[in-house]
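Report on one structure; see the data block that follows.
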Amino acid sequence: MAEAPLGTLYLMPAPLDFHCDTLVALDWVLPHQTLEVAAGLSHWVCENAKSARALLKRIDAHIPLGTALQAQTIVELPREVHKKGDHATPWDAKALLQAAVLGQDMGLLSEAGMPAVADPGSSLVRAAHDLGLKVVPLVGPCSLLLALAASGLNGQSFAFVGYVAQDAAERRQQLASLDAHALQSGQTQILIETPYRNAALMTALLASLKDSTRLAVCSGLTLAQMHIQSLRVADWKHVRTTLDKHTPVVFAFGP
């Protein structure tokens, strides 16, 4: 008797309006095919079950879910993966993929953007490959690439640094080192921060980077209040900037 075919793991992008006051229309940021695939799934691994249910409810308003929301199987990634990252916390994610091993398609979902990119999930993707499952990334927003494309900086060589140190002295040293590397190599450096620390990071960037460095500040990407500005640091010092404590921002800098 032939074995049942394995399921597929779909990487489902989420809109970038998580924790924002205004929600973006899903059909502005997610193609119909992506919404259609998501509506047909009933097994999910996610960053947060509450936000996953909220997104599924929004999808249901566009394309009716094949399985009622109350009957969806939604499992969260372990909390230690959120705090320490997929690569710093060794754990076996195969147990979360048993539905796919038994032939059910599954979805991986983060709270905003593409899962496993600046978000947890890569451990689950690795486990899927190790199990021989098909992995399919769906089309949708990724804030890092949107910011890079809009920055005017080098899009041929870039690095995502993630979060920098919170200690002021350590942060200044780290930013100065990244700036020196960017100016020497031509490589764009991309940073993010928890929204309530955005203003502090902006201040640190202006104090740590050379005046000749170009700094792009990309706020509220894909949202109605989106604002993107790219200037030399010397020019930023003459611009009055206000970054609120709620809107996600991507910072990028380089020559």
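Letters for chains follow the order of the structure tokens (A, B, ...), residue numbers begin at 1 for each chain, and ligand numbers begin at 1 in the order shown.
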* Would you list the contacts of Leu206 (chain A) as a PyMOL selection string, taking every protein, DNA or RNA residue within 9 Å and counting only C-alpha atoms, but skipping same-chain residues closer than 2 positions in sequence? => chain A and resi 201-204+208-211+215+233-234+236-237
* **Who sits within 8 Å of Gly155 (chain A), only C-alpha atoms, same chain under 6 positions skipped, as a ChimeraX atom specification** => /A:148-149,188
Please save N, CA and C atoms of the selected residues as a PDB file, in the first residue's frame.
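Output below, filename out-v4.pdb:
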ATOM      1  N   LEU A 148      14.981  48.649   2.127  1.00  0.00           N
ATOM      2  CA  LEU A 148      16.203  48.671   1.331  1.00  0.00           C
ATOM      3  C   LEU A 148      15.935  49.236  -0.064  1.00  0.00           C
ATOM      4  N   ALA A 149      14.865  48.780  -0.693  1.00  0.00           N
ATOM      5  CA  ALA A 149      14.545  49.245  -2.041  1.00  0.00           C
ATOM      6  C   ALA A 149      14.285  50.743  -2.073  1.00  0.00           C
ATOM      7  N   THR A 188      25.372  47.946   2.783  1.00  0.00           N
ATOM      8  CA  THR A 188      24.299  48.591   3.546  1.00  0.00           C
ATOM      9  C   THR A 188      24.041  47.818   4.840  1.00  0.00           C
TER      10      THR A 188
END
Could you give me, as CSV, every region 113-193 of chain A residue with an atom at most 12 Å from region 74-79 of chain A, plus its closest atom pair and distance in Å to one decimal, counting only C-alpha atoms, rows ordered by chain then number?
residue,atom,partner,partner_atom,distance
A:Pro115,CA,A:Leu77,CA,11.6
A:Ala116,CA,A:Leu77,CA,11.6
A:Asp119,CA,A:Leu77,CA,11.2
A:Pro120,CA,A:Leu77,CA,7.9
A:Gly121,CA,A:Leu77,CA,7.7
A:Ser122,CA,A:Leu77,CA,10.8
A:Ser123,CA,A:Leu77,CA,9.6
A:Leu124,CA,A:Leu77,CA,8.7
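Rounded to one decimal, CA of His43 (chain A) and CA of Ala99 (chain A) lie 7.4 Å from each other.
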* **Closest of A:Leu109, A:Val101, A:Leu96, A:Leu153 to Arg214 (chain A) - atom-to-atom distances counting only C-alpha atoms** => A:Leu153
